[in-house]
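Next up, data.cif (mmCIF, C-alpha atoms):
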data_entry
loop_
_atom_site.label_atom_id
_atom_site.label_comp_id
_atom_site.auth_asym_id
_atom_site.auth_seq_id
_atom_site.Cartn_x
_atom_site.Cartn_y
_atom_site.Cartn_z
CA MET Z 4 118.85 114.34 87.72
CA LYS Z 5 118.45 111.46 90.15
CA ALA Z 6 122.15 110.66 90.15
CA LEU Z 7 122.92 114.30 90.76
CA LEU Z 8 120.49 114.53 93.63
CA LEU Z 9 121.90 111.45 95.24
CA SER Z 10 125.43 112.65 94.95
CA ILE Z 11 124.49 115.96 96.49
CA LEU Z 12 122.54 114.37 99.32
CA LEU Z 13 124.84 111.55 100.14
CA GLY Z 14 128.02 111.73 98.16
CA SER Z 15 130.02 113.69 100.64
CA ALA Z 16 130.12 110.84 103.12
CA CYS Z 17 131.35 108.30 100.60
CA VAL Z 18 134.92 107.15 100.73
CA ALA Z 19 136.92 105.21 98.21
CA SER Z 20 138.06 101.73 99.07
CA ALA Z 21 139.65 98.86 97.25
CA GLU Z 22 137.27 96.10 96.24
CA GLY Z 23 137.70 92.92 98.23
CA PRO Z 24 138.29 89.64 96.44
CA SER Z 25 135.08 88.38 94.88
CA ALA Z 26 133.85 85.06 96.19
CA PRO Z 27 131.46 82.73 94.37
CA PRO Z 28 127.78 83.32 95.13
CA PRO Z 29 126.41 81.12 97.94
CA ASP Z 30 124.23 79.13 95.55
CA ALA Z 31 126.59 78.01 92.80
CA ALA Z 32 123.69 76.98 90.56
CA LEU Z 33 122.59 80.60 90.25
CA PRO Z 34 124.58 83.40 88.65
CA GLU Z 35 125.35 86.49 90.72
CA GLY Z 36 122.27 88.69 90.95
CA SER Z 37 119.79 86.01 89.90
CA LEU Z 38 116.26 86.92 90.90
CA TYR Z 39 115.59 83.25 91.51
CA ALA Z 40 117.65 83.61 94.70
CA LEU Z 41 114.65 85.37 96.27
CA ASP Z 42 112.94 83.23 98.83
CA ALA Z 43 109.23 83.23 98.04
CA SER Z 44 106.40 80.81 97.72
CA TRP Z 45 103.31 81.83 95.83
CA THR Z 46 99.82 80.50 95.28
CA ARG Z 47 98.65 80.25 91.69
CA GLN Z 48 95.20 81.08 90.26
CA THR Z 49 94.57 77.33 90.24
CA GLY Z 50 95.37 77.05 93.96
CA GLU Z 51 98.69 75.25 93.34
CA LYS Z 52 101.82 76.32 95.21
CA VAL Z 53 104.65 77.82 93.18
CA GLU Z 54 108.13 77.84 94.73
CA TRP Z 55 109.93 80.79 93.18
CA LYS Z 56 113.36 79.17 93.47
CA LYS Z 57 112.18 76.29 91.32
CA SER Z 58 111.79 78.69 88.41
CA ILE Z 59 115.40 77.95 87.41
CA GLY Z 60 115.42 76.82 83.79
CA THR Z 61 112.30 78.81 82.93
CA ALA Z 62 112.17 82.33 81.56
CA ARG Z 63 109.56 84.60 83.10
CA VAL Z 64 107.81 87.71 81.85
CA VAL Z 65 106.83 89.37 85.13
CA ALA Z 66 104.55 92.22 86.19
CA LEU Z 67 103.04 93.31 89.48
CA GLY Z 68 99.53 94.64 89.90
CA TYR Z 69 96.22 93.69 91.48
CA ALA Z 70 93.00 92.04 90.44
CA THR Z 71 90.58 94.96 90.88
CA CYS Z 72 92.89 97.54 89.30
CA LYS Z 73 91.08 99.61 86.72
CA GLY Z 74 94.05 101.74 85.87
CA VAL Z 75 97.14 100.38 84.24
CA CYS Z 76 96.87 96.63 85.09
CA PRO Z 77 94.51 95.66 82.25
CA ARG Z 78 96.93 97.34 79.90
CA ILE Z 79 99.92 95.54 81.47
CA ILE Z 80 98.24 92.15 81.02
CA GLY Z 81 97.30 93.09 77.45
CA ASP Z 82 100.90 94.07 76.74
CA MET Z 83 102.15 90.78 78.19
CA GLN Z 84 99.77 88.99 75.82
CA ARG Z 85 101.31 90.93 72.95
CA ILE Z 86 104.70 89.51 73.96
CA GLU Z 87 103.14 86.05 74.22
CA LYS Z 88 101.69 86.23 70.71
CA SER Z 89 105.08 87.13 69.25
CA LEU Z 90 106.70 83.96 70.53
CA GLY Z 91 106.83 80.63 68.75
CA GLU Z 92 105.21 77.58 70.31
CA GLY Z 93 108.58 76.15 71.36
CA GLU Z 94 109.48 79.40 73.12
CA ARG Z 95 106.13 79.81 74.81
CA THR Z 96 106.43 76.46 76.56
CA ARG Z 97 109.69 77.55 78.21
CA CYS Z 98 108.40 80.92 79.36
CA ARG Z 99 105.91 81.70 82.13
CA PHE Z 100 103.78 84.82 81.97
CA THR Z 101 103.72 85.90 85.57
CA PHE Z 102 101.42 88.44 87.18
CA VAL Z 103 102.03 88.93 90.90
CA SER Z 104 99.39 90.49 93.14
CA LEU Z 105 100.42 93.54 95.17
CA ALA Z 106 97.15 93.38 97.08
CA ASN Z 107 97.12 89.93 98.66
CA ASP Z 108 94.39 88.88 96.20
CA LYS Z 109 92.87 85.48 96.89
CA VAL Z 110 92.65 82.56 94.50
CA PRO Z 111 89.05 83.26 93.34
CA GLU Z 112 90.02 86.84 92.49
CA LEU Z 113 93.02 85.66 90.50
CA LYS Z 114 90.86 83.09 88.75
CA ALA Z 115 88.32 85.75 87.82
CA LEU Z 116 91.14 87.97 86.56
CA ALA Z 117 92.46 85.12 84.41
CA GLU Z 118 89.01 84.57 82.93
CA ARG Z 119 88.43 88.26 82.32
CA HIS Z 120 91.60 88.51 80.28
CA LYS Z 121 91.25 85.04 78.73
CA VAL Z 122 94.83 84.21 79.63
CA ASP Z 123 96.07 80.80 78.54
CA ARG Z 124 96.36 78.82 81.78
CA ALA Z 125 99.03 76.60 80.24
CA TYR Z 126 101.44 79.54 80.13
CA TRP Z 127 100.22 82.00 82.76
CA ASP Z 128 100.89 82.18 86.47
CA LEU Z 129 98.74 84.67 88.34
CA LEU Z 130 100.34 84.62 91.76
CA THR Z 131 99.64 85.83 95.25
CA GLY Z 132 101.89 85.63 98.29
CA ASN Z 133 102.75 87.29 101.57
CA GLU Z 134 103.51 90.98 101.84
CA GLU Z 135 107.22 90.47 102.46
CA ALA Z 136 107.72 88.35 99.36
CA VAL Z 137 105.80 90.83 97.20
CA LEU Z 138 107.86 93.72 98.55
CA ASP Z 139 111.15 91.85 97.97
CA LEU Z 140 110.21 91.10 94.38
CA ALA Z 141 108.93 94.63 93.72
CA VAL Z 142 112.10 96.18 95.12
CA ALA Z 143 114.33 93.76 93.22
CA LEU Z 144 112.54 94.61 89.97
CA GLY Z 145 112.32 98.33 90.69
CA VAL Z 146 108.53 98.56 90.87
CA ARG Z 147 107.23 101.54 92.85
CA TYR Z 148 103.90 101.07 94.61
CA ASP Z 149 101.84 102.29 97.50
CA ARG Z 150 98.52 101.38 99.06
CA LEU Z 151 96.24 104.41 98.88
CA PRO Z 152 94.59 105.79 102.03
CA ASN Z 153 91.27 104.21 100.96
CA GLY Z 154 92.93 100.88 101.84
CA ILE Z 155 91.71 99.25 98.63
CA ASP Z 156 93.53 100.74 95.71
CA PHE Z 157 97.19 101.01 94.89
CA THR Z 158 99.25 103.41 92.95
CA HIS Z 159 101.96 101.55 91.08
CA SER Z 160 104.37 101.93 88.24
CA TYR Z 161 104.15 100.31 84.81
CA LEU Z 162 106.70 97.53 84.54
CA ILE Z 163 107.00 94.34 82.53
CA ALA Z 164 110.27 92.55 83.29
CA VAL Z 165 111.92 89.76 81.34
CA ILE Z 166 113.82 87.26 83.49
CA GLY Z 167 116.08 84.68 81.84
CA PRO Z 168 116.11 80.94 82.71
CA ASP Z 169 119.00 81.63 85.11
CA GLY Z 170 117.02 84.32 86.91
CA ARG Z 171 118.91 87.27 85.47
CA LEU Z 172 116.93 90.41 84.77
CA LEU Z 173 117.23 90.91 81.01
CA HIS Z 174 114.87 93.72 80.15
CA ARG Z 175 112.54 96.17 81.86
CA TRP Z 176 109.65 97.58 79.82
CA THR Z 177 108.76 100.72 81.76
CA GLU Z 178 107.33 103.08 79.18
CA PRO Z 179 104.10 101.73 77.66
CA GLY Z 180 104.93 103.46 74.38
CA GLU Z 181 108.03 101.29 73.93
CA GLY Z 182 105.96 98.39 72.64
CA PRO Z 183 106.70 94.68 73.04
CA GLY Z 184 109.62 94.47 70.58
CA LEU Z 185 112.57 94.68 72.97
CA SER Z 186 110.91 92.35 75.47
CA VAL Z 187 110.26 89.77 72.74
CA VAL Z 188 113.88 89.96 71.60
CA ALA Z 189 115.05 89.51 75.20
CA VAL Z 190 112.92 86.39 75.68
CA LYS Z 191 113.95 84.87 72.35
CA ARG Z 192 117.65 85.47 73.01
CA ALA Z 193 117.44 84.03 76.50
CA LEU Z 194 115.80 80.86 75.19
CA GLU Z 195 118.25 80.42 72.32
CA LYS Z 196 121.09 79.60 74.69
CA MET H 13 146.89 91.31 137.10
CA ILE H 14 147.49 90.45 133.47
CA HIS H 15 145.25 87.45 133.94
CA ARG H 16 142.52 89.63 135.28
CA VAL H 17 142.81 92.02 132.33
CA LEU H 18 142.75 89.13 129.89
CA LEU H 19 139.73 87.67 131.63
CA LEU H 20 137.95 91.00 131.44
CA PHE H 21 138.86 91.31 127.77
CA GLY H 22 137.57 87.81 127.10
CA CYS H 23 134.27 88.65 128.73
CA LEU H 24 133.91 91.76 126.62
CA LEU H 25 134.51 89.77 123.47
CA ALA H 26 132.02 87.12 124.42
CA VAL H 27 129.24 89.58 125.07
CA ALA H 28 127.43 90.35 121.85
CA PRO H 29 126.33 93.98 121.55
CA ALA H 30 122.92 94.38 123.10
CA GLU H 31 119.94 95.12 120.90
CA VAL H 32 119.02 98.73 120.38
CA PRO H 33 116.54 99.84 123.07
CA MET H 34 113.04 100.68 121.81
CA VAL H 35 110.33 103.13 122.79
CA ARG H 36 106.61 102.87 122.28
CA ILE H 37 105.06 105.34 119.84
CA GLU H 38 101.36 106.05 120.24
CA GLY H 39 99.76 105.96 116.81
CA GLY H 40 97.68 108.63 115.17
CA SER H 41 96.92 110.15 111.85
CA TYR H 42 99.06 112.60 109.92
CA ALA H 43 99.43 114.14 106.51
CA ARG H 44 102.18 112.49 104.53
CA PRO H 45 104.65 115.01 103.12
CA LEU H 46 103.71 116.28 99.66
CA GLU H 47 100.47 114.34 99.51
CA LYS H 48 97.20 115.93 98.45
CA SER H 49 95.99 118.34 101.08
CA GLY H 50 93.27 116.95 103.30
CA GLN H 51 94.42 113.36 102.78
CA THR H 52 95.67 111.70 105.96
CA ARG H 53 97.43 108.44 106.77
CA GLN H 54 96.86 106.28 109.85
CA VAL H 55 99.80 105.07 111.89
CA ALA H 56 99.13 102.27 114.38
CA THR H 57 100.91 102.20 117.73
CA PHE H 58 104.35 100.62 117.34
CA SER H 59 107.85 100.46 118.83
CA LEU H 60 110.90 102.16 117.38
CA ASP H 61 114.63 101.88 118.09
CA VAL H 62 115.87 104.94 119.96
CA ARG H 63 118.88 105.21 117.68
CA GLN H 64 120.34 103.81 114.47
CA VAL H 65 122.06 100.43 114.27
CA THR H 66 125.82 100.92 114.67
CA ASN H 67 128.90 99.63 112.84
CA ALA H 68 129.76 97.42 115.83
CA GLU H 69 126.29 95.87 115.86
CA TYR H 70 126.37 95.30 112.14
CA LEU H 71 129.83 93.72 112.41
CA ALA H 72 128.45 91.23 114.92
CA PHE H 73 125.71 90.39 112.41
CA VAL H 74 128.06 89.74 109.47
CA THR H 75 130.27 87.64 111.75
CA GLU H 76 127.28 85.44 112.55
CA HIS H 77 125.94 85.50 108.99
CA PRO H 78 128.90 85.27 106.61
CA GLU H 79 126.67 85.48 103.54
CA TRP H 80 126.31 89.18 104.42
CA ARG H 81 130.07 89.86 104.52
CA ARG H 82 131.35 92.42 102.07
CA SER H 83 133.23 89.87 99.98
CA ARG H 84 130.33 87.43 99.82
CA VAL H 85 127.14 89.41 99.57
CA ASN H 86 124.94 88.59 96.58
CA ARG H 87 124.76 91.52 94.14
CA LEU H 88 121.01 90.96 94.00
CA PHE H 89 120.92 92.35 97.54
CA ALA H 90 123.67 95.01 97.69
CA ASP H 91 125.74 96.98 95.18
CA GLU H 92 129.56 97.37 95.06
CA SER H 93 129.50 100.12 97.68
CA TYR H 94 128.30 97.75 100.39
CA LEU H 95 130.25 98.48 103.60
CA ARG H 96 132.87 100.30 101.57
CA HIS H 97 133.89 102.48 104.53
CA TRP H 98 135.03 99.42 106.46
CA THR H 99 138.66 98.32 106.22
CA GLY H 100 137.82 94.68 105.59
CA ASP H 101 135.26 91.93 105.83
CA SER H 102 135.37 91.93 109.60
CA GLU H 103 137.39 95.04 110.34
CA LEU H 104 135.85 98.44 110.83
CA GLY H 105 138.93 100.62 110.44
CA PRO H 106 139.41 104.36 110.95
CA LEU H 107 136.38 105.55 108.95
CA ALA H 108 133.82 103.41 110.73
CA ALA H 109 133.59 104.29 114.41
CA PRO H 110 132.07 101.33 116.31
CA GLU H 111 129.29 103.41 117.88
CA ALA H 112 128.52 105.41 114.73
CA PRO H 113 125.49 104.46 112.63
CA VAL H 114 126.32 101.81 110.05
CA THR H 115 125.96 103.21 106.53
CA ASN H 116 126.66 101.82 103.06
CA VAL H 117 124.04 99.16 103.76
CA SER H 118 121.30 98.24 101.30
CA TRP H 119 117.60 97.91 102.03
CA PHE H 120 117.89 94.14 101.68
CA ALA H 121 120.81 94.07 104.13
CA ALA H 122 118.97 96.23 106.67
CA ARG H 123 115.97 93.93 106.47
CA ALA H 124 118.11 90.84 106.95
CA PHE H 125 119.81 92.36 110.01
CA LEU H 126 116.51 93.29 111.64
CA LYS H 127 114.82 89.99 110.84
CA VAL H 128 117.38 88.19 112.99
CA GLN H 129 116.34 90.38 115.93
CA GLY H 130 112.63 89.90 115.33
CA LYS H 131 112.40 93.50 114.18
CA ARG H 132 111.61 95.17 110.86
CA LEU H 133 112.24 98.50 109.17
CA PRO H 134 109.78 101.24 110.09
CA THR H 135 107.28 102.06 107.36
CA LEU H 136 107.57 105.37 105.60
CA ASP H 137 104.55 106.64 107.53
CA GLU H 138 105.87 105.44 110.89
CA TRP H 139 109.19 107.15 110.27
CA GLU H 140 107.66 110.41 109.09
CA PHE H 141 105.17 110.41 111.96
CA VAL H 142 107.92 110.24 114.59
CA ALA H 143 110.21 112.57 112.66
CA ARG H 144 107.69 115.41 113.02
CA ALA H 145 108.32 115.61 116.74
CA ASP H 146 110.80 117.91 118.42
CA GLU H 147 111.67 117.73 122.10
CA ARG H 148 108.34 119.27 123.17
CA GLN H 149 105.66 118.66 120.54
CA ILE H 150 104.34 115.62 118.65
CA ASP H 151 104.03 117.73 115.54
CA ALA H 152 106.59 120.49 115.26
CA THR H 153 106.34 120.86 111.50
CA GLY H 154 104.57 124.20 111.82
CA ASP H 155 107.49 125.56 113.82
CA PRO H 156 109.89 127.58 111.63
CA GLU H 157 112.77 126.87 114.03
CA PHE H 158 112.26 123.11 113.66
CA ARG H 159 112.29 123.33 109.89
CA LYS H 160 115.32 125.60 109.91
CA HIS H 161 117.17 123.12 112.10
CA ILE H 162 116.46 120.23 109.69
CA LEU H 163 117.39 122.25 106.64
CA ALA H 164 120.63 123.38 108.24
CA TRP H 165 121.63 119.72 108.45
CA TYR H 166 120.54 118.96 104.88
CA SER H 167 122.81 121.67 103.57
CA LYS H 168 125.81 120.60 105.62
CA PRO H 169 128.26 118.06 104.16
CA ALA H 170 128.48 114.85 106.19
CA PRO H 171 131.67 114.40 108.23
CA GLU H 172 134.11 111.78 107.02
CA VAL H 173 133.72 109.83 110.25
CA LEU H 174 130.22 109.90 111.73
CA PRO H 175 129.74 110.53 115.46
CA ALA H 176 128.20 107.97 117.82
CA ALA H 177 124.49 107.34 117.23
CA ASP H 178 123.53 107.80 120.87
CA THR H 179 125.06 111.28 121.14
CA MET H 180 122.28 112.85 119.09
CA PRO H 181 119.57 114.83 120.89
CA ALA H 182 116.36 112.94 121.67
CA ASN H 183 112.90 114.08 120.64
CA LEU H 184 109.80 113.96 122.82
CA TYR H 185 109.54 110.18 122.39
CA GLY H 186 113.19 109.64 123.34
CA VAL H 187 114.12 108.83 119.75
CA ARG H 188 117.53 110.15 118.70
CA GLY H 189 119.00 111.36 115.47
CA LEU H 190 116.08 111.18 113.04
CA HIS H 191 117.40 114.44 111.68
CA GLY H 192 121.00 115.52 111.73
CA LEU H 193 123.08 112.37 111.42
CA VAL H 194 122.20 110.09 108.50
CA TRP H 195 119.21 109.41 106.24
CA GLU H 196 117.35 106.20 107.02
CA TRP H 197 115.79 103.31 105.12
CA THR H 198 112.07 102.72 105.44
CA SER H 199 110.39 99.42 104.60
CA ASN H 200 108.24 100.82 101.80
CA PHE H 201 110.48 103.53 100.38
CA VAL H 202 109.09 102.41 97.00
CA ALA H 203 105.89 104.25 97.94
CA SER H 204 107.72 107.48 97.14
CA MET H 205 107.12 108.42 93.54
CA SER H 206 108.11 111.99 92.99
CA GLY H 207 109.40 113.75 89.98
CA GLY H 208 107.67 114.63 86.75
CA GLU H 209 109.41 112.04 84.61
CA SER H 210 107.10 109.15 85.34
CA ARG H 211 103.87 110.40 86.77
CA SER H 212 100.42 111.06 85.52
CA ASP H 213 96.99 110.61 87.00
CA GLY H 214 96.06 107.52 85.06
CA SER H 215 95.76 109.01 81.62
CA PRO H 216 95.75 106.21 79.05
CA ASP H 217 98.94 107.28 77.32
CA GLY H 218 102.41 108.13 78.46
CA PRO H 219 104.05 106.87 81.62
CA LEU H 220 101.41 105.49 83.91
CA PHE H 221 100.62 105.32 87.55
CA CYS H 222 97.28 104.01 88.69
CA GLY H 223 95.36 105.79 91.35
CA GLY H 224 95.45 109.26 92.67
CA ALA H 225 98.24 109.66 95.19
CA ALA H 226 99.87 112.25 93.01
CA THR H 227 101.64 115.21 94.46
CA ASP H 228 99.36 118.19 94.64
CA PRO H 229 101.19 120.82 92.64
CA ASN H 230 99.09 123.58 94.17
CA LYS H 231 100.28 122.91 97.66
CA ALA H 232 103.30 124.88 98.67
CA VAL H 233 106.15 122.44 98.73
CA GLU H 234 108.12 122.32 101.91
CA TYR H 235 111.72 121.98 101.00
CA ALA H 236 112.68 119.49 103.72
CA ASP H 237 109.76 117.26 102.77
CA PHE H 238 110.70 117.50 99.14
CA MET H 239 114.28 116.46 99.88
CA ARG H 240 113.19 113.28 101.68
CA VAL H 241 110.66 112.33 99.02
CA ALA H 242 113.21 113.03 96.29
CA LEU H 243 115.81 110.89 98.03
CA ARG H 244 113.44 107.95 98.57
CA SER H 245 112.17 108.03 95.04
CA SER H 246 115.77 107.90 93.77
CA LEU H 247 116.67 104.80 95.77
CA GLN H 248 116.84 101.19 94.66
CA GLY H 249 116.90 98.32 97.14
CA THR H 250 120.54 97.46 96.37
CA PHE H 251 121.89 100.99 96.84
CA CYS H 252 124.56 101.42 99.53
CA LEU H 253 125.26 105.04 100.34
CA GLY H 254 127.63 106.76 102.72
CA GLY H 255 124.94 108.84 104.38
CA LEU H 256 122.17 106.25 104.60
CA GLY H 257 121.63 104.00 107.61
CA PHE H 258 118.68 102.37 109.39
CA ARG H 259 116.97 101.58 112.67
CA GLY H 260 114.50 98.89 113.70
CA ALA H 261 110.80 98.92 114.47
CA LYS H 262 108.25 96.43 115.74
CA ASP H 263 104.48 96.15 115.87
CA ALA H 264 103.08 97.03 119.27
CA PRO H 265 102.22 93.89 121.25
CA ALA H 266 98.53 93.07 121.14
CA PRO H 267 96.73 94.35 124.25
CA ILE H 268 96.38 91.63 126.87
CA GLU H 269 92.90 92.72 127.90
CA PRO H 270 90.96 94.05 124.97
CA LYS H 271 88.67 96.86 126.01
CA PRO H 272 85.00 96.02 125.92
#
Just give me the structure of the file as structure tokens.
Amino acid sequence: MKALLLSILLGSACVASAEGPSAPPPDAALPEGSLYALDASWTRQTGEKVEWKKSIGTARVVALGYATCKGVCPRIIGDMQRIEKSLGEGERTRCRFTFVSLANDKVPELKALAERHKVDRAYWDLLTGNEEAVLDLAVALGVRYDRLPNGIDFTHSYLIAVIGPDGRLLHRWTEPGEGPGLSVVAVKRALEK
Amino acid sequence: MIHRVLLLFGCLLAVAPAEVPMVRIEGGSYARPLEKSGQTRQVATFSLDVRQVTNAEYLAFVTEHPEWRRSRVNRLFADESYLRHWTGDSELGPLAAPEAPVTNVSWFAARAFLKVQGKRLPTLDEWEFVARADERQIDATGDPEFRKHILAWYSKPAPEVLPAADTMPANLYGVRGLHGLVWEWTSNFVASMSGGESRSDGSPDGPLFCGGAATDPNKAVEYADFMRVALRSSLQGTFCLGGLGFRGAKDAPAPIEPKP
């Protein structure tokens, strides 16, 4: 349906052209399309700084939401914990469970959120950053969100993404009913290599 | 004589294309297309480019910033269709008129271009707010002629080679070509979430969206509004499409003398 719409709306102006020669990506350490090429620095629930580009070598299970969300966010965090529980100890230490605030939450709010959900601080990054960085990440992951006219709440889609140690997007859990199975497999496979 | 021509030519080459002129848009409140009736959105005063960014301007950008050339762009930021209507990395060719709006550019690419100029993409609300105006009224959406005019464009196939961006008629603000030439990126296009496949009002099961910005199914859907919402909700940030371009915006400068 979406593809059809797009081709109707825009297809007529498209023209065919030969692909140019492909050049290596600017940062040779990262594979083409690596999400770790995004330029972002975050603040963690502990107040520490987290440079996104330094995630290389670490898998991440990532979701976006906000601290005061009473809708889908508690469920998203719960579902991330289901993934966490299915991993072995050796896997867990090479994987960060990452919840990024859409709402410019401050450190105390993130800390309260961490306590409310009893997340293991050894493995969890609850992050907040500037609006631009959040938008870049959301768009790169395909999260839809909008601040509601009340200025406090957001409408946002359900998404739990698995990112491999090289920053490649490996799996997107978008339908809550899917369950954690495919995400767990994606993390385990990524860490096997 | 030849010297003089060469000199003139050299000067032309040396002069980078000027930035797109901007106009000031007085803010206000408006009802976002397809949102629940009675709900309004605030738009602060801002500045908007009077026309879209052109192929020539975008070429100057990729010349300065080679990481955005067609052959080098990171697939994280643009898909395989990026600048596909150009002949080469730094050659426009017959399908990309220099003064025509640049298309086949991703959201990431548009943002990178504008950042260099100290500009940004307009927000969805800013764009929609200005796009309601015709040449006489701030809000012409109640005017059947205005709607007919927009729909006539939507149903017309795009020409193979787009005309110059500054040849489009201007609305009351002096902004050209919001309707009738190409579709345009907005900074938060991800705020568009239409379609039944992934929406509910926060019920605990099934596909979930928090909050209550759902489309009001009881409100008569305006077709032109629906088309824009449908397009935006189909887009991903890496998409490069033949009929999709962009223009810049800027926050209004803070008032020098705040009113008491």
Check: Between H:Trp80, H:Phe201, H:Phe251, H:Trp195, which has the minimum distance to Leu138 in chain Z (counting only C-alpha atoms)?
Finding: H:Phe201
Note to self: My list of candidates is Z:Ser186, Z:Ser160, Z:Asn153, Z:Thr131. Which is closest to chain H when distances are computed with all atoms listed in the file?
What the structure shows: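 With all atoms listed in the file as the atom set, the closest residue is Z:Ser160.
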Next item on the list: Take CA of Thr52 in chain H and CA of Val146 in chain Z and report the distance between them in Å, one decimal.
Entry: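 Computing it gives 23.8 Å between the two atoms.
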Item checked: Given the PyMOL selection byres ((chain Z and resi 55-64) around 6), the residues it picks as a list of chain:residue names -> Z:Tyr39, Z:Ala43, Z:Ser44, Z:Glu54, Z:Val65, Z:Arg97, Z:Cys98, Z:Arg99, Z:Phe100, Z:Thr101, Z:Ala164, Z:Val165, Z:Ile166, Z:Gly167, Z:Pro168, Z:Asp169
Checklist line | Using all atoms listed in the file: which of Z:Tyr161, Z:Tyr126, Z:Tyr69, Z:Trp45 has the shortest distance to chain H | finding: Z:Tyr161
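Evaluated on this file, the PyMOL selection byres ((chain H and resi 59-61) around 8) matches Val32, Pro33, Met34, Val35, Arg36, Ile37, Thr57, Phe58, Val62, Arg63, Gln64, Pro134, Val187, Arg259, Gly260, Ala261, Lys262, Asp263 and Ala264 of chain H.
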Next, write the just-selected residues to a file, as a JSON list (two decimals), in the frame of the given file, keeping C-alpha atoms as the atom set.
[["chain", "number", "residue", "atom", "x", "y", "z"],
["H", 32, "VAL", "CA", 119.02, 98.73, 120.38],
["H", 33, "PRO", "CA", 116.54, 99.84, 123.07],
["H", 34, "MET", "CA", 113.04, 100.68, 121.81],
["H", 35, "VAL", "CA", 110.33, 103.13, 122.79],
["H", 36, "ARG", "CA", 106.61, 102.87, 122.28],
["H", 37, "ILE", "CA", 105.06, 105.34, 119.84],
["H", 57, "THR", "CA", 100.91, 102.20, 117.73],
["H", 58, "PHE", "CA", 104.35, 100.62, 117.34],
["H", 62, "VAL", "CA", 115.87, 104.94, 119.96],
["H", 63, "ARG", "CA", 118.88, 105.21, 117.68],
["H", 64, "GLN", "CA", 120.34, 103.81, 114.47],
["H", 134, "PRO", "CA", 109.78, 101.24, 110.09],
["H", 187, "VAL", "CA", 114.12, 108.83, 119.75],
["H", 259, "ARG", "CA", 116.97, 101.58, 112.67],
["H", 260, "GLY", "CA", 114.50, 98.89, 113.70],
["H", 261, "ALA", "CA", 110.80, 98.92, 114.47],
["H", 262, "LYS", "CA", 108.25, 96.43, 115.74],
["H", 263, "ASP", "CA", 104.48, 96.15, 115.87],
["H", 264, "ALA", "CA", 103.08, 97.03, 119.27]]
Next item on the list: Name the residues captured by the PyMOL selection byres ((chain Z and resi 68) around 7) when it is applied to the shown file; answer as a list in words.
Entry: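 This file, filtered by the PyMOL selection byres ((chain Z and resi 68) around 7), leaves Ala66, Leu67, Tyr69, Cys76, Val103, Ser104 and Leu105 of chain Z.
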